[in-house]
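Enquirer: The structure under discussion is supplied below as C-alpha cells; questions concerning it will follow.
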Amino acid sequence: MLITTMSAVGGVGKTSLTLALAEEASRRGISTCVVDMDFSPGTMHALFDLDRYRSITDAAGNPEKAVEYVQVPAGKTYGVLSGGLPHAADVMTKPITETMLQTLLQNFQLVIVDTSSQPTEGSLTAVQKSNTTLFVITPERYTGIRGAILLDYIKSYGIVNSNRFEVVINNCRPGKKQKYVDIMKAPVSVVVPYLKNHSPDKRTMLPYVSGVVDAWFPNTMKPGSWSFGKSGFLSRLKFWA
Ligand SMILES: Nc1ncnc2c1ncn2[C@@H]1O[C@H](COP(=O)(O)OP(=O)(O)OP(=O)(O)O)[C@@H](O)[C@H]1O
Ligand SMILES: [Mg+2]
C-alpha cells in the first residue's frame, strides 16, 4: 500500500502524521518504510541522526536498489529513506520515482511518502500512484483555501483523476472550526488536537491515527489499548464539535 501526505502550506503536520502512521503500522507488524520527499535538506537526518550519505539522492541514481538506502532509526520499527539535497527535487523525475516506489513496495507492505508543500514531479508522481493521499490542513483558514486550490490543480490538470484524497485536520483546539474544509470536497479521515510537548518523532500523535491504520489493515493487532476512545468517534466529536 502506498500513502502520500501532502499540504499546500508548510508546518501543518505532514511529517508528524507520516511518522505516527509509520510507528502505528510497524508496531502492528506491518513492514513500513517512510520516504522523505521534502528536499529542504535534513529533516530525517536531524530527527533520527541518520547517515547523511544514504539518502533519496543516492536512491535516485539507482532506483531498482532503493531499498539499500533505507535506514532504520534507533529505537524505531520502520525504515526511512531520508530526503536528499535540494537538487534531488529535479532528479526525482516521474520514471525514477515510479521505479523507486515500485521497488520499495516489493519490499514493504506500507510505504508512506512525506512531501513538502511545494509540489515536485516526484511528489506528484507519488500522489498519482498512491492508494490514498492524506491532505493536511489546520483550523487556520488559509490552509483550507490553499489546500482546495492545490487539490483542484491536481485534479483539473489530470495529474490524478480519482477521489483518493482524504483530509486530516491537525492542531485542532476545542471550539475552533475549519470552516473551509467543505471546499476540499474530500472526506475528513483524521482529526488531531493540539498536542502539548509534541515533536514529529514522539508518540503523541499515535492515538489519533490508529483508526486509519485499522481501516487500511483490518485484523491487525493494536499494539496498545489506547486506540479505543482516543482515536474513535467520541474523541473526534470532542475536538471537532
Ligand atoms: N498536533 C500538533 N500539536 C502540537 N504541535 C504540533 C502538532 N502537529 C505538528 N506540530 C508541530 O508543528 C511543527 C511542524 O510539524 P511537522 O514538521 O510535522 O509539519 P510539516 O507539515 O511536516 O512541516 P514542513 O512543511 O516544514 O515539512 C513541529 O514543531 C511539530 O512538533
Ligand atoms: Mg515535513
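If you're wondering about the labels, chains in the C-alpha cells are A, B, ... by order shown, residues count from 1 in each chain, ligands from 1 in order shown.
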Check the DSSP output for the backbone and give back, as a list in words, the residues of segment 40-160 of chain A in strand (DSSP E or B).

Expert: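 Put together, the selection reads Gln71, Gly79, Val80, Leu81, Leu110, Val111, Ile112, Val113, Asp114, Thr115, Thr132, Thr133, Leu134, Phe135, Val136 and Ile137 of chain A.
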
Enquirer: Could those selected residues go to a file with C-alpha atoms, as a compact mmCIF listing (two decimals), in the first residue's frame?

Expert:
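So result-v4.txt came out as:
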# COMPACT_ATOMS: atom_id res chain seq x y z
CA GLN A 71 17.88 3.20 7.25
CA GLY A 79 12.61 2.19 7.71
CA VAL A 80 13.38 5.68 6.44
CA LEU A 81 14.65 6.72 3.03
CA LEU A 110 3.33 0.02 3.56
CA VAL A 111 5.27 2.90 2.00
CA ILE A 112 4.44 6.41 3.22
CA VAL A 113 5.75 9.36 1.21
CA ASP A 114 6.20 12.58 3.15
CA THR A 115 6.24 15.60 0.83
CA THR A 132 -4.70 7.37 -0.63
CA THR A 133 -3.27 10.85 -0.27
CA LEU A 134 -3.77 12.41 3.14
CA PHE A 135 -4.12 16.14 2.72
CA VAL A 136 -3.24 18.00 5.92
CA ILE A 137 -4.84 21.27 6.96

Enquirer: Produce a table with one row for each residue of chain A that has an atom at most 6 Å from any atom of ligand 1, each row naming the nearest atom pair and its distance in Å at one decimal; use only C-alpha atoms and all ligand atoms; arrange rows by chain and rising residue number; format as CSV.

Expert:
residue,atom,partner,partner_atom_place_in_ligand_line,distance
A:Gly10,CA,ligand 1,25 (O),3.2
A:Gly11,CA,ligand 1,23 (O),3.2
A:Val12,CA,ligand 1,21 (O),4.0
A:Gly13,CA,ligand 1,19 (O),3.3
A:Lys14,CA,ligand 1,21 (O),3.8
A:Thr15,CA,ligand 1,22 (O),3.6
A:Ser16,CA,ligand 1,18 (O),3.6
A:Ser116,CA,ligand 1,25 (O),5.3
A:Ser117,CA,ligand 1,25 (O),5.7
A:Asn170,CA,ligand 1,1 (N),5.3
A:Asn171,CA,ligand 1,1 (N),4.1
A:Val192,CA,ligand 1,1 (N),5.6
A:Pro193,CA,ligand 1,1 (N),5.3
A:Tyr194,CA,ligand 1,3 (N),3.7
A:Leu195,CA,ligand 1,3 (N),3.6
A:Lys196,CA,ligand 1,4 (C),5.8
A:His198,CA,ligand 1,31 (O),4.8
A:Ser199,CA,ligand 1,31 (O),3.5
A:Pro200,CA,ligand 1,18 (O),5.2

Enquirer: May I have the selected residues written with C-alpha atoms, as a PDB file, in the first residue's frame?

Expert:
ATOM      1  CA  GLY A  10       4.320  24.261   5.369  1.00  0.00           C
ATOM      2  CA  GLY A  11       4.443  23.314   9.034  1.00  0.00           C
ATOM      3  CA  VAL A  12       0.920  21.886   9.304  1.00  0.00           C
ATOM      4  CA  GLY A  13       1.977  18.420  10.471  1.00  0.00           C
ATOM      5  CA  LYS A  14       2.770  16.203   7.438  1.00  0.00           C
ATOM      6  CA  THR A  15       5.939  14.782   8.932  1.00  0.00           C
ATOM      7  CA  SER A  16       4.279  14.257  12.319  1.00  0.00           C
ATOM      8  CA  SER A 116       6.851  19.319   1.065  1.00  0.00           C
ATOM      9  CA  SER A 117       4.233  21.986   0.463  1.00  0.00           C
ATOM     10  CA  ASN A 170      -4.359  18.871  12.644  1.00  0.00           C
ATOM     11  CA  ASN A 171      -3.790  21.186  15.559  1.00  0.00           C
ATOM     12  CA  VAL A 192      -5.775  15.614  15.689  1.00  0.00           C
ATOM     13  CA  PRO A 193      -5.919  18.091  18.554  1.00  0.00           C
ATOM     14  CA  TYR A 194      -3.188  20.481  19.513  1.00  0.00           C
ATOM     15  CA  LEU A 195      -0.738  18.249  21.397  1.00  0.00           C
ATOM     16  CA  LYS A 196       1.358  19.563  24.254  1.00  0.00           C
ATOM     17  CA  HIS A 198       4.763  17.278  20.602  1.00  0.00           C
ATOM     18  CA  SER A 199       7.578  16.727  18.145  1.00  0.00           C
ATOM     19  CA  PRO A 200       7.332  14.642  14.947  1.00  0.00           C
TER      20      PRO A 200
END

Enquirer: Where does DSSP see alpha helix (DSSP H) in segment 90-151 of chain A, if you list the residues as a PyMOL selection string?

Expert: chain A and resi 90-91+94-107+121-129+141-151

Enquirer: Which distance in Å separates atom CA of Lys65 of chain A and atom CA of Phe108 of chain A, to one decimal?

Expert: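 Going from atom CA of Lys65 of chain A over to atom CA of Phe108 of chain A, I get 13.4 Å.
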
Enquirer: Quick one: distance from atom CA of Gln128 of chain A to atom CA of Arg54 of chain A in Å, one decimal?

Expert: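 For atom CA of Gln128 of chain A relative to atom CA of Arg54 of chain A, the distance reads 25.8 Å.
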
Enquirer: Between A:Val168, A:Tyr153, A:Thr32, A:Asp201, which is the closest to ligand 2 once you count only C-alpha atoms and all ligand atoms?

Expert: A:Asp201
